[in-house]
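Undergrad: This is the structure I want to talk about, given as structure tokens.
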Amino acid sequence: MERRAVERVRGTQDYWSPEADALETILRDLEACFAAFGYRRVEVPVLEPAELHLRKSGLEIVSKLYAFEDQGGRQLCLRPELTASVVRAVVTRPPARLPVKVFSSGPVFRYERPARGRYRQFTQAGVELIGAEGPLADAEVLALAMQALERLGVCDFRVTIGHVGLLGQLLARLGLTSRLRTFLLDSMEEVRRHGAAYVRQRLQELDPELFELSAAEANGQPGTGEGSPDGVEQVVATVLEQVGAGAGGVLQFQRRRPEEVVARLSEKLRRRAYGEAVERALAFTERLGAVAGPASEVLDRGGALLAEYALDEAPLHDLRQTLTLLESFGVELGRVTLDLGLSRGLQYYTGMVFEIDHAGLGSESQLCGGGRYDDLARALGARQPIPALGFAFGLERLMLALQAEGRGLGTAGEREAGGVFVVAASPAEQSYAAKVAQVLRAGGVPAYLEVSRRGLRASLAYADREGFARVAIVGEAEAREGTVRLHEMAGGEERVVPLSEAAALGRGGCSR
Amino acid sequence: MKAPAALESAGEGLRFGVPRGGRIGPAALEFLDSCGLRVRQENERQLTATLVGMPGVTVVLQRARDIVRQLADGDLDIGLTGEDLVQEHAAEDAGLITLYPRLGFSGGDIVVAVPDSWVDVNTLADLADVAVAMRERGERLRVATVYPRLAQRFLHAMGITHFAIVLTEGSVEASPWVGFADVIVELTVTGVSLRENRLKVLRNGVVMHTECSLVGNRRALTASAAKRELTRQIVELIEARLRAQAYYSITANLRGASEQEVARAVLASPATHGLRGPTVARVYTEEALAAALPSHAATEQVLAAPEPGRAGTDEALAAAAGRAGGGWFAATIVVRSQSLQEAVDHLRAIGGTSISVVPLRYLFDERSAHFDAALAELGGSHG
């Protein structure tokens with residue numbers, strides 16, 4: 001019977017050289033840059049409780065979570081990003097002093113629809129600055145991201161900065177439920193892409209009662225948003241009691257307490273329909289989404305919009321100051337635009353957010369994303385809020401970006417394999433060949449020992465195709481005399497040297 | 001007789017999964033039978049069977065849920081199963097292709113239902129609030145279902161993230177009252193079982209509508225022309241049968257001067273246009289024959305040999321009918337079920353009598369639309 005091959009999991013990659021080397025180099029360069037800013041390495045697990053991401057990450061993450069139950073019945077997940085894990089680490093073992101500046105890296109997992117540049121397992125590397133607020137912290141993190149790209153040699157990128165606190169402010173004032181607030185914050189990008197009508201319809205699918213009149217309004221009374229004690233609860237409780245609700249009654253609420261059912265029902269009967277507030281929020285979102293472009297222009301237009309809605313302009317002042325500080329870091333501001341409609345897929349952002357995109361990557365163009373998440377630590381169980389922000393790069397995207405700019409990899413044929421290819425002329429010299437390889441390595445020269453049983457000619461052809469510049473051939477004479485025959489692939493120059501000198505020559509002593 | 005095992009190893013036989021038992025099984029066999037695809041089992045307990053008249057097909061009788069898995073694994077080439085089961089048990093990249101969706105039986109809705117007593121919960125938005133309230137006091141909303149993936153995907157898409165799935169085998173509806181779940185995600189056909197268990201469906205709680213459908217393994221059908229051909233025959237019969245269900249064939253006797261005149265009268269109403277137009281044929285009444293052929297012997301001669309091809313006699317009859325001020329014609333049209341009454345009324349209005357109506361058994365088009373669509377999806381290069 002035919003055996004089917006075990007295939008790679010969809011959306012994952014096997015990386016070989018040179019891609020594997022390129023990814024490694026990118027990671028090393030990034031981490032060197034993070035370290036230069038005084039950030040320290042932190043390692044967090046790949047496995048986390050699913051709850052970590054259910055709490056605050058938002059649908060974009062939750063719906064793509066690789067979650068499962070382990071043998072002990074625990075709900076676990078493969079981490080979909082690094083930030084929540086790092087913040088969890090800080091919350092569960094608070095450091096002696098804040099702030100902490102850390103960087104982390106490693107594979108993350110999301111159940112994506114695979115495409116070029118979009119994988120189910122990919123690699124992130126990023127920083128978190130935990131325990132600091134204000135424009136200087138924001139500017140440092142932004143500057144670090146941009147300088148890391150410059151260090152990698154990525155040129156063709158642009159930075160978009162926004163602030164999710166603007167819409168947050170309005171939503172808080174409209175007296176919407178936290179669920180509606182979350183939904184509307186989440187929908188910022190959708191409003192821009194598909195329009196307010198689309199989001200309104202989607203909202204109606206979720207909550208068909210949202211735009212309907214509440215019982216109070218239907219009776220000609222103005223609804224109230226607040227839970228004023230107006231007797232409704234009393235009436236509801238009495239009615240429910242009479243129809244037999246509660247312990248021992250015909251109606252039982254399962255694990256819900258009767259008071260909870262009564263309170264929610266009363267609230268629903270009493271409340272004013274949220275329709276109008278939602279409309280206001282959608283209208284504001286739509287206008288906010290149109291404010292994008294060069295910094296000074298956006299700050300002016302944004303200021304006017306906030307004034308119109310009588311909202312606090314402090315977030316815009318902070319952004320202005322962040323940009324000014326960014327210049328002191330030597331960052332080229334020409335790459336930066338502001339976009340007040342920018343919202344990231346993650347729900348935990350509270351303030352400044354940013355994305356860095358590459359022009360050469362088509363639809364999956366984002367190289368880096370980040371922002372401020374002042375509420376996350378609290379949501380994960382910290383006793384008080386800890387202001388924090390961070391970002392993460394996608395390593396595979398960085399590699400694609402470098403390729404798109406014609407830099408980085410190069411083909412295998414062009415690359416020169418490091419070190420010396422060591423081959424025995426016949427099986428009798430195999431043990432001498434192994435010794436030669438060891439001497440070379442001890443002398444600091446990488447040595448590739450030919451272990452395949454093929455003829456010398458085939459071995460040399462192989463070494464040539466693999467890009468070795470230099471081959472050490474040991475035959476009977478060399479073994480007897482304790483020498484090595486060094487053969488230059490380019491030009492074919494050969495010389496026999498004592499084994500003790502081979503390492504020095506192998507390092508590049510031979511002419512090219 | 002060729003053993004099914006031999007067919008399988010030959011690799012060109014079509015392995016056709018048909019549900020056995022459960023909700024879909026009996027309905028599936030009945031449906032296939034009505035399509036002229038008779039499943040013949042050697043005995044009740046055997047898990048493989050044949051299709052009468054289609055020697056290349058091995059029918060594999062399986063639970064509907066297992067059919068999905070075996071299709072995904074390539075152990076079956078095509079199969080009948082529920083759309084809900086495909087959504088639940090096949091990954092989106094399992095390489096399945098829907099050859100014929102919604103076959104019109106074993107239908108139902110997968111719904112989210114909560115206890116009747118939750119008077120404050122009518123929508124998924126309400127349920128999201130309940131889930132959050134539960135989480136705040138350290139509990140989790142428990143969702144009983146046999147559809148863990150469907151349920152989770154749907155609830156996530158609807159913004160509900162705090163819940164635990166309780167996997168249940170059967171009697172899902174009872175679980176809130178037995179006490180091991182708070183709400184359920186379950187298939188409902190009539191809603192009776194939900195009502196009996198004092199559960200109500202949320203206003204926006206329909207996860208999906210499901211019916212039995214015909215599903216195939218993309219790779220197997222792409223690779224084998226023989227399997228494609230057998231699949232085509234099956235799809236064609238199903239399509240012709242399902243199309244036919246929407247139509248009746250009506251024949252009425254009408255008096256008129258000529259075929260054209262009768263056809264014109266029939267075509268006067270859109271209800272009797274038929275698929276292309278009416279088929280009109282002369283009806284040979286005795287009086288018409290008598291008028292055309294005065295001698296008794298001649299009449300007998302014609303009656304004894306009424307087969308066509310006697311152009312001379314036919315023309316004589318037609319001419320006679322014309323002289324007699326017209327004659328009787330039979331008009332046959334195929335009409336949609338919903339316009340049957342309208343069609344009958346029109347035929348009556350233009351003088352139709354003896355109106356007979358026959359349900360269509362098959363209605364074939366030039367090509368099978370469903371099979372063509374499947375071919376296009378498979379990559380188009382297969383004839």
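Residue numbers start at 1 in each chain; chains themselves are named A, B, ... in the order of the structure tokens; ligands are numbered from 1 in the order shown.
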Which residues of chain A are close to chain B, meaning at most 10 Å apart when you count only C-alpha atoms, and how do they look as a PDB file with C-alpha atoms, in the first residue's frame?

TA:
```pdb
ATOM      1  CA  MET A   1       0.000   0.000   0.000  1.00  0.00           C
ATOM      2  CA  ARG A  10      -0.586  24.347   6.320  1.00  0.00           C
ATOM      3  CA  GLU A  51      -7.517  33.169  29.159  1.00  0.00           C
ATOM      4  CA  HIS A  53      -5.648  36.317  25.271  1.00  0.00           C
ATOM      5  CA  LEU A  54      -9.386  36.018  25.789  1.00  0.00           C
ATOM      6  CA  ARG A  55      -9.363  38.843  28.297  1.00  0.00           C
ATOM      7  CA  GLY A  58     -10.006  41.311  20.879  1.00  0.00           C
ATOM      8  CA  LEU A  59     -11.694  39.282  18.175  1.00  0.00           C
ATOM      9  CA  GLU A  60      -8.928  39.646  15.630  1.00  0.00           C
ATOM     10  CA  VAL A  62      -9.285  35.437  19.704  1.00  0.00           C
ATOM     11  CA  SER A  63     -10.848  34.103  16.517  1.00  0.00           C
ATOM     12  CA  LYS A  64      -7.411  33.027  15.290  1.00  0.00           C
ATOM     13  CA  GLN A  75      -7.450  25.571  28.446  1.00  0.00           C
ATOM     14  CA  ARG A 113      -5.688  32.207   5.836  1.00  0.00           C
ATOM     15  CA  THR A 177     -22.107  49.808  27.520  1.00  0.00           C
ATOM     16  CA  SER A 178     -18.573  48.494  27.641  1.00  0.00           C
ATOM     17  CA  ARG A 179     -19.491  45.846  25.077  1.00  0.00           C
ATOM     18  CA  LEU A 180     -20.701  48.499  22.630  1.00  0.00           C
ATOM     19  CA  THR A 182     -15.381  47.684  22.587  1.00  0.00           C
ATOM     20  CA  PHE A 183     -17.261  46.867  19.416  1.00  0.00           C
ATOM     21  CA  ARG A 202     -23.234  44.328  11.516  1.00  0.00           C
ATOM     22  CA  LEU A 203     -24.135  45.785  14.886  1.00  0.00           C
ATOM     23  CA  GLN A 204     -27.774  45.102  14.176  1.00  0.00           C
ATOM     24  CA  GLU A 205     -26.956  41.479  13.438  1.00  0.00           C
ATOM     25  CA  LEU A 206     -25.313  41.207  16.829  1.00  0.00           C
ATOM     26  CA  ASP A 207     -28.033  43.029  18.667  1.00  0.00           C
ATOM     27  CA  PRO A 208     -31.349  43.258  16.823  1.00  0.00           C
ATOM     28  CA  GLU A 209     -32.838  45.178  19.744  1.00  0.00           C
ATOM     29  CA  LEU A 210     -30.239  47.914  19.620  1.00  0.00           C
ATOM     30  CA  LEU A 240     -41.253  37.208  38.193  1.00  0.00           C
ATOM     31  CA  ALA A 245     -39.425  32.303  39.428  1.00  0.00           C
ATOM     32  CA  GLY A 246     -36.710  31.674  41.927  1.00  0.00           C
ATOM     33  CA  VAL A 250     -41.396  26.620  38.175  1.00  0.00           C
ATOM     34  CA  LEU A 251     -38.991  29.007  36.530  1.00  0.00           C
ATOM     35  CA  GLN A 252     -35.387  28.565  37.335  1.00  0.00           C
ATOM     36  CA  PHE A 253     -32.525  30.617  36.080  1.00  0.00           C
ATOM     37  CA  GLN A 254     -29.861  27.953  36.226  1.00  0.00           C
ATOM     38  CA  ARG A 255     -26.663  29.413  37.557  1.00  0.00           C
ATOM     39  CA  ARG A 256     -27.805  32.980  37.177  1.00  0.00           C
ATOM     40  CA  PRO A 258     -32.682  35.970  40.039  1.00  0.00           C
ATOM     41  CA  GLU A 260     -29.207  39.505  37.976  1.00  0.00           C
ATOM     42  CA  VAL A 261     -32.025  38.569  35.599  1.00  0.00           C
ATOM     43  CA  VAL A 262     -34.277  41.166  37.218  1.00  0.00           C
ATOM     44  CA  ALA A 263     -31.626  43.855  37.035  1.00  0.00           C
ATOM     45  CA  ARG A 264     -30.863  43.230  33.361  1.00  0.00           C
ATOM     46  CA  LEU A 265     -34.508  43.045  32.383  1.00  0.00           C
ATOM     47  CA  SER A 266     -35.280  46.243  34.254  1.00  0.00           C
ATOM     48  CA  GLU A 267     -32.377  47.958  32.603  1.00  0.00           C
ATOM     49  CA  LYS A 268     -33.591  46.837  29.191  1.00  0.00           C
ATOM     50  CA  LEU A 269     -37.122  47.972  29.869  1.00  0.00           C
TER      51      LEU A 269
END
```

Undergrad: Run DSSP on the backbone and grab whatever in stretch 168-392 of chain A lands in helix (DSSP H, G or I); send it over as an MDAnalysis selection string.

TA: chainID A and resid 168:173 178:186 188:194 196:206 215:218 232:242 258:270 275:289 295:308 314:328 333:335 359:361 376:379

Undergrad: Do a neighbour search on A:Thr123 at 8 Å with only C-alpha atoms, toss out local chain neighbours closer than 6 positions, and write the hits as a PyMOL selection string.

TA: chain A and resi 105-108+394-396

Undergrad: Could you write out that same residue set with C-alpha atoms as a PDB file, in the first residue's frame?

TA:
```pdb
ATOM      1  CA  SER A 105      11.416  37.225  20.282  1.00  0.00           C
ATOM      2  CA  GLY A 106      10.193  33.892  19.039  1.00  0.00           C
ATOM      3  CA  PRO A 107       7.512  32.072  17.098  1.00  0.00           C
ATOM      4  CA  VAL A 108       3.856  33.091  17.388  1.00  0.00           C
ATOM      5  CA  GLY A 394       7.432  40.305  11.871  1.00  0.00           C
ATOM      6  CA  LEU A 395      10.737  38.718  10.909  1.00  0.00           C
ATOM      7  CA  GLU A 396       9.497  36.941   7.778  1.00  0.00           C
TER       8      GLU A 396
END
```

Undergrad: Would you please work out which residue, of B:Gln260, B:Leu76, B:Asp66, B:Val201, is nearest to B:Phe16 when using only C-alpha atoms?

TA: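 Going through B:Gln260, B:Leu76, B:Asp66, B:Val201 one by one, the smallest distance to B:Phe16 is for B:Leu76.
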
Undergrad: Report, in Å to a single decimal, how far apart atom CA of B:Arg149 and atom CA of B:Leu80 are.

TA: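 It comes out at 20.8 Å.
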
Undergrad: Choose the residue, out of B:Thr190, B:Thr81, B:Asn43, B:Asn253, that has the smallest atom-to-atom separation from B:Arg282; count only C-alpha atoms.

TA: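 Checking each of B:Thr190, B:Thr81, B:Asn43, B:Asn253 against B:Arg282, counting only C-alpha atoms, the winner is B:Asn253.
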
Undergrad: So the first atom is atom CA of A:Leu47 and the second is atom CA of A:Gly351; what is the distance between them in Å, to one decimal place?

TA: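 Here the two named atoms are 28.4 Å from each other.
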
Undergrad: Show which residues sit within 8 Å of B:Ala244, as a list of chain:residue names. Count only C-alpha atoms, and ignore same-chain residues fewer than 2 positions away.

TA: B:Ala240, B:Arg241, B:Leu242, B:Ala246, B:Tyr247, B:Tyr248, B:Pro359, B:Leu360, B:Arg361, B:Tyr362, B:Leu363

Undergrad: Hey, what does DSSP flag as strand (DSSP E or B) within stretch 20-185 of chain B? Can you give it to me as a ChimeraX atom specification?

TA: /B:39-40,48-51,54-62,78-82,96-100,108-115,141-145,163-167,183-185

Undergrad: Which is closer to A:Val86 than all the others in A:Gly390, A:Ser328, A:Tyr348, A:Gly303, using only C-alpha atoms?

TA: A:Gly390
